[in-house]
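Asker: Input work_1.cif, format and content: mmCIF, C-alpha atoms.
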data_work
loop_
_atom_site.group_PDB
_atom_site.id
_atom_site.type_symbol
_atom_site.label_atom_id
_atom_site.label_comp_id
_atom_site.auth_asym_id
_atom_site.auth_seq_id
_atom_site.Cartn_x
_atom_site.Cartn_y
_atom_site.Cartn_z
ATOM 1 C CA ASP A 1 3.467 -19.307 -6.425
ATOM 2 C CA THR A 2 4.295 -15.860 -5.103
ATOM 3 C CA ALA A 3 2.782 -13.188 -7.330
ATOM 4 C CA VAL A 4 5.083 -10.330 -6.314
ATOM 5 C CA SER A 5 8.338 -11.437 -4.781
ATOM 6 C CA GLN A 6 11.113 -9.278 -3.450
ATOM 7 C CA THR A 7 14.541 -10.058 -2.055
ATOM 8 C CA PRO A 8 16.044 -9.807 0.412
ATOM 9 C CA LYS A 9 13.331 -9.887 3.057
ATOM 10 C CA TYR A 10 15.670 -8.596 5.746
ATOM 11 C CA LEU A 11 18.727 -6.432 5.260
ATOM 12 C CA VAL A 12 20.958 -4.938 7.953
ATOM 13 C CA THR A 13 23.730 -2.727 6.694
ATOM 14 C CA GLN A 14 26.013 0.089 7.758
ATOM 15 C CA MET A 15 25.655 3.749 6.966
ATOM 16 C CA GLY A 16 27.346 4.722 3.750
ATOM 17 C CA ASN A 17 26.915 1.357 2.062
ATOM 18 C CA ASP A 18 25.136 0.789 -1.242
ATOM 19 C CA LYS A 19 22.422 -1.869 -1.434
ATOM 20 C CA SER A 20 19.820 -3.185 -3.843
ATOM 21 C CA ILE A 21 16.415 -4.739 -3.417
ATOM 22 C CA LYS A 22 15.086 -6.865 -6.247
ATOM 23 C CA CYS A 23 11.475 -7.338 -7.237
ATOM 24 C CA GLU A 24 9.774 -9.651 -9.699
ATOM 25 C CA GLN A 25 6.123 -10.169 -10.539
ATOM 26 C CA ASN A 26 4.710 -13.186 -12.365
ATOM 27 C CA LEU A 27 1.235 -11.733 -12.926
ATOM 28 C CA GLY A 28 1.908 -10.393 -16.397
ATOM 29 C CA HIS A 29 1.259 -6.860 -15.168
ATOM 30 C CA ASP A 30 2.435 -3.765 -17.007
ATOM 31 C CA THR A 31 2.830 -1.424 -14.029
ATOM 32 C CA MET A 32 5.103 -1.753 -11.010
ATOM 33 C CA TYR A 33 5.687 0.391 -7.925
ATOM 34 C CA TRP A 34 7.959 0.970 -4.974
ATOM 35 C CA TYR A 35 6.455 2.106 -1.683
ATOM 36 C CA LYS A 36 8.202 3.001 1.562
ATOM 37 C CA GLN A 37 6.610 2.260 4.944
ATOM 38 C CA ASP A 38 8.089 4.113 7.897
ATOM 39 C CA SER A 39 8.166 3.110 11.550
ATOM 40 C CA LYS A 40 4.704 4.615 12.088
ATOM 41 C CA LYS A 41 3.300 2.418 9.309
ATOM 42 C CA PHE A 42 2.826 5.356 6.939
ATOM 43 C CA LEU A 43 3.025 4.242 3.297
ATOM 44 C CA LYS A 44 4.299 6.537 0.613
ATOM 45 C CA ILE A 45 4.717 5.983 -3.115
ATOM 46 C CA MET A 46 8.280 6.393 -4.320
ATOM 47 C CA PHE A 47 8.300 5.297 -7.951
ATOM 48 C CA SER A 48 6.104 3.735 -10.570
ATOM 49 C CA TYR A 49 6.996 2.205 -13.916
ATOM 50 C CA ASN A 50 4.689 1.298 -16.762
ATOM 51 C CA ASN A 51 6.162 -1.029 -19.376
ATOM 52 C CA LYS A 52 9.663 -0.082 -18.236
ATOM 53 C CA GLU A 53 8.922 3.642 -18.455
ATOM 54 C CA LEU A 54 9.146 5.787 -15.324
ATOM 55 C CA ILE A 55 5.776 7.443 -14.729
ATOM 56 C CA ILE A 56 5.872 8.446 -11.066
ATOM 57 C CA ASN A 57 8.938 9.833 -9.381
ATOM 58 C CA GLU A 58 7.967 11.334 -6.053
ATOM 59 C CA THR A 59 10.202 13.555 -3.971
ATOM 60 C CA VAL A 60 12.821 10.970 -3.136
ATOM 61 C CA PRO A 61 16.546 11.608 -2.630
ATOM 62 C CA ASN A 62 18.484 10.878 -5.787
ATOM 63 C CA ARG A 63 20.427 8.267 -3.809
ATOM 64 C CA PHE A 64 17.435 6.052 -4.651
ATOM 65 C CA SER A 65 17.463 4.796 -8.208
ATOM 66 C CA PRO A 66 14.920 2.375 -9.636
ATOM 67 C CA LYS A 67 15.740 0.183 -12.593
ATOM 68 C CA SER A 68 13.343 -1.832 -14.702
ATOM 69 C CA PRO A 69 15.161 -4.245 -17.036
ATOM 70 C CA ASP A 70 11.830 -5.605 -18.259
ATOM 71 C CA LYS A 71 8.226 -5.169 -17.269
ATOM 72 C CA ALA A 72 8.335 -8.105 -14.840
ATOM 73 C CA HIS A 73 11.182 -6.669 -12.788
ATOM 74 C CA LEU A 74 11.685 -3.453 -10.861
ATOM 75 C CA ASN A 75 14.779 -3.174 -8.715
ATOM 76 C CA LEU A 76 15.638 -0.462 -6.211
ATOM 77 C CA HIS A 77 19.209 0.623 -5.679
ATOM 78 C CA ILE A 78 20.142 2.837 -2.751
ATOM 79 C CA ASN A 79 23.489 4.622 -2.559
ATOM 80 C CA SER A 80 25.191 5.975 0.538
ATOM 81 C CA LEU A 81 22.634 4.620 2.961
ATOM 82 C CA GLU A 82 21.578 6.832 5.865
ATOM 83 C CA LEU A 83 19.954 6.005 9.205
ATOM 84 C CA GLY A 84 16.704 7.575 7.997
ATOM 85 C CA ASP A 85 16.473 5.076 5.164
ATOM 86 C CA SER A 86 15.560 2.382 7.676
ATOM 87 C CA ALA A 87 12.067 1.299 6.711
ATOM 88 C CA VAL A 88 10.093 -1.434 5.024
ATOM 89 C CA TYR A 89 10.145 -1.197 1.244
ATOM 90 C CA PHE A 90 7.247 -2.735 -0.665
ATOM 91 C CA CYS A 91 7.239 -3.618 -4.306
ATOM 92 C CA ALA A 92 3.838 -3.818 -5.979
ATOM 93 C CA SER A 93 2.242 -4.276 -9.373
ATOM 94 C CA SER A 94 -1.033 -3.700 -11.201
ATOM 95 C CA GLN A 95 -2.383 -4.830 -14.526
ATOM 96 C CA ASP A 96 -1.867 -1.404 -16.039
ATOM 97 C CA ARG A 97 -2.461 2.239 -15.213
ATOM 98 C CA GLY A 98 -6.197 1.861 -15.560
ATOM 99 C CA TYR A 99 -8.701 3.413 -13.244
ATOM 100 C CA GLY A 100 -9.594 1.299 -10.244
ATOM 101 C CA ASN A 101 -7.028 -1.435 -10.831
ATOM 102 C CA THR A 102 -6.058 -3.441 -7.795
ATOM 103 C CA ILE A 103 -2.439 -3.095 -6.746
ATOM 104 C CA TYR A 104 -0.773 -6.292 -5.523
ATOM 105 C CA PHE A 105 1.981 -6.022 -2.944
ATOM 106 C CA GLY A 106 5.010 -8.093 -2.169
ATOM 107 C CA GLU A 107 5.812 -9.106 1.397
ATOM 108 C CA GLY A 108 8.220 -6.261 1.977
ATOM 109 C CA SER A 109 11.945 -5.819 2.526
ATOM 110 C CA TRP A 110 12.908 -4.751 6.035
ATOM 111 C CA LEU A 111 15.935 -2.462 5.734
ATOM 112 C CA THR A 112 17.837 -1.491 8.876
ATOM 113 C CA VAL A 113 20.742 0.944 8.598
ATOM 114 C CA VAL A 114 23.099 0.982 11.575
ATOM 115 C CA GLY B 115 -3.651 17.070 -3.517
ATOM 116 C CA ASP B 116 -5.669 13.903 -3.257
ATOM 117 C CA SER B 117 -5.590 12.417 0.241
ATOM 118 C CA VAL B 118 -7.393 10.195 2.714
ATOM 119 C CA THR B 119 -7.877 10.665 6.430
ATOM 120 C CA GLN B 120 -8.701 7.724 8.620
ATOM 121 C CA MET B 121 -9.356 7.437 12.308
ATOM 122 C CA GLU B 122 -6.404 7.084 14.591
ATOM 123 C CA GLY B 123 -5.871 3.822 16.362
ATOM 124 C CA PRO B 124 -5.294 1.621 18.079
ATOM 125 C CA VAL B 125 -8.809 0.274 18.203
ATOM 126 C CA THR B 126 -9.384 -2.498 20.723
ATOM 127 C CA LEU B 127 -12.549 -4.587 20.547
ATOM 128 C CA SER B 128 -13.844 -7.760 22.096
ATOM 129 C CA GLU B 129 -14.577 -10.698 19.841
ATOM 130 C CA GLU B 130 -17.993 -10.440 18.150
ATOM 131 C CA ALA B 131 -18.163 -6.660 18.590
ATOM 132 C CA PHE B 132 -19.180 -4.339 15.746
ATOM 133 C CA LEU B 133 -16.372 -2.578 13.931
ATOM 134 C CA THR B 134 -16.332 0.793 12.206
ATOM 135 C CA ILE B 135 -13.171 2.435 10.918
ATOM 136 C CA ASN B 136 -13.831 5.870 9.483
ATOM 137 C CA CYS B 137 -12.228 7.076 6.279
ATOM 138 C CA THR B 138 -12.833 10.335 4.450
ATOM 139 C CA TYR B 139 -11.154 11.551 1.300
ATOM 140 C CA THR B 140 -10.247 14.726 -0.518
ATOM 141 C CA ALA B 141 -9.911 14.434 -4.252
ATOM 142 C CA THR B 142 -10.376 16.188 -7.526
ATOM 143 C CA GLY B 143 -12.685 14.184 -9.715
ATOM 144 C CA TYR B 144 -13.848 10.723 -8.781
ATOM 145 C CA PRO B 145 -11.181 8.478 -7.351
ATOM 146 C CA SER B 146 -11.392 4.748 -6.794
ATOM 147 C CA LEU B 147 -11.370 3.829 -3.110
ATOM 148 C CA PHE B 148 -9.778 0.839 -1.431
ATOM 149 C CA TRP B 149 -9.312 -0.844 1.910
ATOM 150 C CA TYR B 150 -6.142 -2.854 2.394
ATOM 151 C CA VAL B 151 -5.196 -4.993 5.403
ATOM 152 C CA GLN B 152 -1.722 -5.719 6.729
ATOM 153 C CA TYR B 153 -1.265 -8.621 9.119
ATOM 154 C CA PRO B 154 1.810 -8.567 11.378
ATOM 155 C CA GLY B 155 5.015 -9.144 9.460
ATOM 156 C CA GLU B 156 3.265 -9.350 6.105
ATOM 157 C CA GLY B 157 2.599 -7.224 3.053
ATOM 158 C CA LEU B 158 -0.657 -5.514 2.200
ATOM 159 C CA GLN B 159 -3.644 -7.391 0.855
ATOM 160 C CA LEU B 160 -6.652 -5.889 -0.847
ATOM 161 C CA LEU B 161 -9.694 -6.246 1.373
ATOM 162 C CA LEU B 162 -12.280 -4.508 -0.816
ATOM 163 C CA LYS B 163 -12.705 -1.652 -3.240
ATOM 164 C CA ALA B 164 -15.271 0.589 -4.939
ATOM 165 C CA THR B 165 -14.784 2.503 -8.155
ATOM 166 C CA LYS B 166 -17.833 4.766 -8.290
ATOM 167 C CA ALA B 167 -20.280 6.545 -6.042
ATOM 168 C CA ASP B 168 -22.762 4.341 -4.151
ATOM 169 C CA ASP B 169 -20.774 1.207 -4.932
ATOM 170 C CA LYS B 170 -20.438 -1.155 -1.985
ATOM 171 C CA GLY B 171 -17.326 -3.263 -1.671
ATOM 172 C CA SER B 172 -17.469 -6.388 0.475
ATOM 173 C CA ASN B 173 -15.216 -9.265 1.421
ATOM 174 C CA LYS B 174 -14.836 -11.644 4.381
ATOM 175 C CA GLY B 175 -17.707 -9.970 6.227
ATOM 176 C CA PHE B 176 -16.254 -6.476 5.780
ATOM 177 C CA GLU B 177 -18.185 -3.807 3.886
ATOM 178 C CA ALA B 178 -17.652 -0.218 2.804
ATOM 179 C CA THR B 179 -19.839 2.080 0.706
ATOM 180 C CA TYR B 180 -18.484 4.876 -1.500
ATOM 181 C CA ARG B 181 -20.389 7.983 -0.368
ATOM 182 C CA LYS B 182 -19.731 10.921 -2.636
ATOM 183 C CA GLU B 183 -21.969 13.308 -0.693
ATOM 184 C CA THR B 184 -19.954 12.810 2.501
ATOM 185 C CA THR B 185 -16.664 11.920 0.739
ATOM 186 C CA SER B 186 -16.426 8.836 2.913
ATOM 187 C CA PHE B 187 -15.630 5.139 2.650
ATOM 188 C CA HIS B 188 -16.064 3.781 6.169
ATOM 189 C CA LEU B 189 -15.149 0.153 6.842
ATOM 190 C CA GLU B 190 -17.599 -1.966 8.838
ATOM 191 C CA LYS B 191 -17.890 -5.519 10.075
ATOM 192 C CA GLY B 192 -20.741 -6.868 12.117
ATOM 193 C CA SER B 193 -18.815 -9.309 14.285
ATOM 194 C CA VAL B 194 -15.035 -9.207 14.518
ATOM 195 C CA GLN B 195 -12.802 -12.172 15.257
ATOM 196 C CA VAL B 196 -9.388 -12.389 16.883
ATOM 197 C CA SER B 197 -7.982 -13.213 13.447
ATOM 198 C CA ASP B 198 -9.073 -9.752 12.210
ATOM 199 C CA SER B 199 -6.360 -8.138 14.328
ATOM 200 C CA ALA B 200 -4.265 -6.201 11.832
ATOM 201 C CA VAL B 201 -3.602 -2.724 10.475
ATOM 202 C CA TYR B 202 -6.235 -1.421 8.059
ATOM 203 C CA PHE B 203 -5.434 1.150 5.399
ATOM 204 C CA CYS B 204 -7.854 3.278 3.445
ATOM 205 C CA ALA B 205 -6.522 4.393 0.054
ATOM 206 C CA LEU B 206 -7.534 6.208 -3.085
ATOM 207 C CA SER B 207 -6.266 6.064 -6.602
ATOM 208 C CA TYR B 208 -3.741 8.703 -7.464
ATOM 209 C CA ASN B 209 -4.323 11.003 -10.402
ATOM 210 C CA SER B 210 -0.970 10.529 -12.003
ATOM 211 C CA GLY B 211 -0.325 6.919 -12.876
ATOM 212 C CA TYR B 212 -3.113 5.624 -10.652
ATOM 213 C CA ALA B 213 -0.845 4.679 -7.779
ATOM 214 C CA LEU B 214 -2.501 4.462 -4.386
ATOM 215 C CA ASN B 215 -2.436 7.265 -1.858
ATOM 216 C CA PHE B 216 -2.788 5.724 1.604
ATOM 217 C CA GLY B 217 -4.172 6.914 4.897
ATOM 218 C CA LYS B 218 -2.026 6.505 7.990
ATOM 219 C CA GLY B 219 -3.510 3.133 8.928
ATOM 220 C CA THR B 220 -5.652 2.047 11.853
ATOM 221 C CA SER B 221 -4.421 -0.723 14.092
ATOM 222 C CA LEU B 222 -7.141 -3.116 15.265
ATOM 223 C CA LEU B 223 -6.714 -5.512 18.174
ATOM 224 C CA VAL B 224 -9.491 -8.005 18.858
ATOM 225 C CA THR B 225 -9.384 -9.748 22.217
ATOM 226 C CA PRO B 226 -11.065 -13.066 23.077
#
The structure in this file should be written as structure tokens.

Answerer:
Amino acid sequence: DTAVSQTPKYLVTQMGNDKSIKCEQNLGHDTMYWYKQDSKKFLKIMFSYNNKELIINETVPNRFSPKSPDKAHLNLHINSLELGDSAVYFCASSQDRGYGNTIYFGEGSWLTVV
Amino acid sequence: GDSVTQMEGPVTLSEEAFLTINCTYTATGYPSLFWYVQYPGEGLQLLLKATKADDKGSNKGFEATYRKETTSFHLEKGSVQVSDSAVYFCALSYNSGYALNFGKGTSLLVTP
């Protein structure tokens, strides 16, 4: 059973398109995250939700919009895709916002914009 | 802001060699510290963590000790294997919402 699952795993799309990446966790966690990993492997937090409430919204273009229909799901929608959006996007979750909680990652979604 | 700095890679070692990957942090207060590992084509997995000063995290032969006096959390393993080849990330908990703030990663290649 995959704890944090995200789809699709690979996505190749043209500039200007709109795409979504879906994420689900079956761990019963309250907090979910989106991270972006660039070509140099650098990982940066984009968003975090706690019980469907947005709690972290880093400096990310407003073409990126997260949506959390319930606390087990956190989807990422990207409008008007640009070449620079090509990256690996990781969904993650933790039990709650508590100090020292382990964050569990999905396997990543490889987005390539051409 | 809170941040971690880890040694640049790639690090190449022979099997059974001793491994150290340095990590230092800058933070207000007392963050939790983590090491994550990413194998090729996969997501990140927690390797070990420590939540207070002098705590030692350990897993799969890897160890790291939370040193407040030197603001460090260096990763060590006494004898590496080829299967340890991966990218290793040091991270600290983030003040707002306790997300993780990652270092830039250190690529490790272990050769037979």

Asker: So that each row is one residue of chain B with an atom at most 9 Å from chain A, can you give its shortest atom pair and the distance in Å to one decimal, using all atoms listed in the file, rows by chain and rising number, as a tab-separated table?

Answerer:
residue	atom	partner	partner_atom	distance
B:Pro145	CA	A:Gly100	CA	7.9
B:Ser146	CA	A:Gly100	CA	5.2
B:Leu147	CA	A:Gly100	CA	7.8
B:Phe148	CA	A:Thr102	CA	8.5
B:Gly155	CA	A:Glu107	CA	8.1
B:Glu156	CA	A:Glu107	CA	5.4
B:Gly157	CA	A:Glu107	CA	4.1
B:Leu158	CA	A:Phe105	CA	5.8
B:Gln159	CA	A:Phe105	CA	6.9
B:Leu160	CA	A:Thr102	CA	7.4
B:Lys163	CA	A:Gly100	CA	8.2
B:Ala164	CA	A:Gly100	CA	7.8
B:Thr165	CA	A:Gly100	CA	5.7
B:Val201	CA	A:Lys41	CA	8.7
B:Leu206	CA	A:Gly100	CA	8.9
B:Ser207	CA	A:Gly100	CA	6.9
B:Ser210	CA	A:Ile56	CA	7.2
B:Gly211	CA	A:Arg97	CA	5.7
B:Tyr212	CA	A:Arg97	CA	5.7
B:Ala213	CA	A:Ile45	CA	7.4
B:Leu214	CA	A:Ile45	CA	7.5
B:Asn215	CA	A:Lys44	CA	7.2
B:Phe216	CA	A:Leu43	CA	6.2
B:Gly217	CA	A:Phe42	CA	7.5
B:Lys218	CA	A:Phe42	CA	5.1
B:Gly219	CA	A:Lys41	CA	6.9

Asker: The PyMOL selection byres ((chain B and resi 132) around 9) on the file shown: which residues, as a PyMOL selection string?

Answerer: chain B and resi 127-131+133-134+190-194

Asker: Can you work out the spacing between CA of Thr184 in chain B and CA of Asp168 in chain B in Å, to one decimal?

Answerer: 11.1 Å

Asker: For the atom pair CA of Pro61 in chain A and CA of Lys9 in chain A, what is the interatomic distance in Å to one decimal place?

Answerer: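 Between CA of Pro61 in chain A and CA of Lys9 in chain A the gap is 22.5 Å.
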
Asker: Translate the PyMOL selection byres ((chain B and resi 185-187) around 12), as applied to the file shown, into an explicit residue set as an mmCIF file with C-alpha atoms, in the frame of the given file.

Answerer:
data_model
loop_
_atom_site.group_PDB
_atom_site.id
_atom_site.type_symbol
_atom_site.label_atom_id
_atom_site.label_comp_id
_atom_site.auth_asym_id
_atom_site.auth_seq_id
_atom_site.Cartn_x
_atom_site.Cartn_y
_atom_site.Cartn_z
ATOM 1 C CA ASP B 116 -5.669 13.903 -3.257
ATOM 2 C CA SER B 117 -5.590 12.417 0.241
ATOM 3 C CA VAL B 118 -7.393 10.195 2.714
ATOM 4 C CA THR B 119 -7.877 10.665 6.430
ATOM 5 C CA GLN B 120 -8.701 7.724 8.620
ATOM 6 C CA MET B 121 -9.356 7.437 12.308
ATOM 7 C CA THR B 134 -16.332 0.793 12.206
ATOM 8 C CA ILE B 135 -13.171 2.435 10.918
ATOM 9 C CA ASN B 136 -13.831 5.870 9.483
ATOM 10 C CA CYS B 137 -12.228 7.076 6.279
ATOM 11 C CA THR B 138 -12.833 10.335 4.450
ATOM 12 C CA TYR B 139 -11.154 11.551 1.300
ATOM 13 C CA THR B 140 -10.247 14.726 -0.518
ATOM 14 C CA ALA B 141 -9.911 14.434 -4.252
ATOM 15 C CA THR B 142 -10.376 16.188 -7.526
ATOM 16 C CA GLY B 143 -12.685 14.184 -9.715
ATOM 17 C CA TYR B 144 -13.848 10.723 -8.781
ATOM 18 C CA PRO B 145 -11.181 8.478 -7.351
ATOM 19 C CA SER B 146 -11.392 4.748 -6.794
ATOM 20 C CA LEU B 147 -11.370 3.829 -3.110
ATOM 21 C CA PHE B 148 -9.778 0.839 -1.431
ATOM 22 C CA TRP B 149 -9.312 -0.844 1.910
ATOM 23 C CA LEU B 162 -12.280 -4.508 -0.816
ATOM 24 C CA LYS B 163 -12.705 -1.652 -3.240
ATOM 25 C CA ALA B 164 -15.271 0.589 -4.939
ATOM 26 C CA THR B 165 -14.784 2.503 -8.155
ATOM 27 C CA LYS B 166 -17.833 4.766 -8.290
ATOM 28 C CA ALA B 167 -20.280 6.545 -6.042
ATOM 29 C CA ASP B 168 -22.762 4.341 -4.151
ATOM 30 C CA ASP B 169 -20.774 1.207 -4.932
ATOM 31 C CA LYS B 170 -20.438 -1.155 -1.985
ATOM 32 C CA GLY B 171 -17.326 -3.263 -1.671
ATOM 33 C CA SER B 172 -17.469 -6.388 0.475
ATOM 34 C CA GLU B 177 -18.185 -3.807 3.886
ATOM 35 C CA ALA B 178 -17.652 -0.218 2.804
ATOM 36 C CA THR B 179 -19.839 2.080 0.706
ATOM 37 C CA TYR B 180 -18.484 4.876 -1.500
ATOM 38 C CA ARG B 181 -20.389 7.983 -0.368
ATOM 39 C CA LYS B 182 -19.731 10.921 -2.636
ATOM 40 C CA GLU B 183 -21.969 13.308 -0.693
ATOM 41 C CA THR B 184 -19.954 12.810 2.501
ATOM 42 C CA HIS B 188 -16.064 3.781 6.169
ATOM 43 C CA LEU B 189 -15.149 0.153 6.842
ATOM 44 C CA GLU B 190 -17.599 -1.966 8.838
ATOM 45 C CA PHE B 203 -5.434 1.150 5.399
ATOM 46 C CA CYS B 204 -7.854 3.278 3.445
ATOM 47 C CA ALA B 205 -6.522 4.393 0.054
ATOM 48 C CA LEU B 206 -7.534 6.208 -3.085
ATOM 49 C CA GLY B 217 -4.172 6.914 4.897
#

Asker: Determine the residue membership of the PyMOL selection byres ((chain A and resi 66) around 8) for the file above and supply it as a PyMOL selection string.

Answerer: chain A and resi 47+64-65+67-68+74-77

Asker: Suppose you want the space between CA of Asp30 in chain A and CA of Thr2 in chain A; what is it in Å?

Answerer: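 Value for the CA of Asp30 in chain A-CA of Thr2 in chain A distance: 17.1 Å.
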
Asker: For Val113 in chain A, which residue among A:Met15, A:Ala72, A:Ala3, A:Ile21 is the nearest when counting all atoms listed in the file?

Answerer: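 Under the stated criterion, the closest residue is A:Met15.
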
Asker: Nearest residue to Gln25 in chain A out of A:Ile78, A:Val114, A:Lys52, A:His73, using only C-alpha atoms?

Answerer: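 Going through A:Ile78, A:Val114, A:Lys52, A:His73 one by one, the smallest distance to Gln25 in chain A is for A:His73.
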
Asker: What would the list of residues within 6 Å of (19.7, -1.1, 2.8) (file frame) look like as a ChimeraX atom specification, if all atoms listed in the file are what count?

Answerer: /A:11,13,19,111

Asker: Around the point (-11.1, -11.1, 1.1) in the file's coordinates, collect all residues with an atom within 6 Å, using all atoms listed in the file, and return them as a PyMOL selection string.

Answerer: chain B and resi 161+173-174

Asker: Extract, using only C-alpha atoms, all DNA, RNA and protein residues at most 8 Å from Asn17 in chain A, discarding same-chain residues fewer than 4 positions from it, and format them as a list of chain:residue names.

Answerer: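 Near Asn17 in chain A, the qualifying residues are A:Thr13, A:Asn79, A:Ser80, A:Leu81.
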
Asker: Save range 43-56 of chain A to disk from that block, N, CA, C and O atoms included, as a short mmCIF file (atom, residue, chain, number, x, y, z; two decimals), in the first residue's frame.

Answerer:
data_model
loop_
_atom_site.label_atom_id
_atom_site.label_comp_id
_atom_site.auth_asym_id
_atom_site.auth_seq_id
_atom_site.Cartn_x
_atom_site.Cartn_y
_atom_site.Cartn_z
N LEU A 43 15.47 21.21 -3.40
CA LEU A 43 14.07 21.03 -3.00
C LEU A 43 13.56 22.27 -2.30
O LEU A 43 14.18 22.76 -1.35
N LYS A 44 12.41 22.73 -2.73
CA LYS A 44 11.86 23.94 -2.13
C LYS A 44 10.38 23.74 -1.83
O LYS A 44 9.63 23.24 -2.67
N ILE A 45 9.97 24.13 -0.64
CA ILE A 45 8.56 24.06 -0.27
C ILE A 45 7.77 25.05 -1.10
O ILE A 45 8.21 26.17 -1.36
N MET A 46 6.61 24.61 -1.57
CA MET A 46 5.72 25.50 -2.31
C MET A 46 4.50 25.84 -1.45
O MET A 46 4.18 27.01 -1.24
N PHE A 47 3.82 24.80 -0.99
CA PHE A 47 2.57 24.99 -0.24
C PHE A 47 2.47 23.95 0.86
O PHE A 47 3.05 22.87 0.78
N SER A 48 1.70 24.32 1.89
CA SER A 48 1.35 23.34 2.91
C SER A 48 -0.08 23.60 3.35
O SER A 48 -0.49 24.76 3.51
N TYR A 49 -0.82 22.51 3.56
CA TYR A 49 -2.18 22.59 4.06
C TYR A 49 -2.27 21.78 5.35
O TYR A 49 -1.67 20.72 5.47
N ASN A 50 -3.05 22.30 6.29
CA ASN A 50 -3.34 21.57 7.50
C ASN A 50 -4.85 21.49 7.64
O ASN A 50 -5.52 22.52 7.74
N ASN A 51 -5.38 20.26 7.60
CA ASN A 51 -6.83 20.09 7.67
C ASN A 51 -7.55 20.99 6.67
O ASN A 51 -8.50 21.70 7.01
N LYS A 52 -7.10 20.95 5.46
CA LYS A 52 -7.66 21.68 4.32
C LYS A 52 -7.43 23.19 4.36
O LYS A 52 -7.90 23.91 3.48
N GLU A 53 -6.69 23.67 5.35
CA GLU A 53 -6.43 25.10 5.44
C GLU A 53 -5.01 25.40 4.97
O GLU A 53 -4.05 24.76 5.43
N LEU A 54 -4.86 26.38 4.10
CA LEU A 54 -3.54 26.75 3.60
C LEU A 54 -2.74 27.41 4.71
O LEU A 54 -3.17 28.41 5.28
N ILE A 55 -1.56 26.87 5.02
CA ILE A 55 -0.74 27.43 6.08
C ILE A 55 0.62 27.90 5.59
O ILE A 55 1.28 28.68 6.25
N ILE A 56 1.09 27.40 4.49
CA ILE A 56 2.34 27.87 3.90
C ILE A 56 2.06 28.15 2.42
O ILE A 56 1.53 27.31 1.71
#
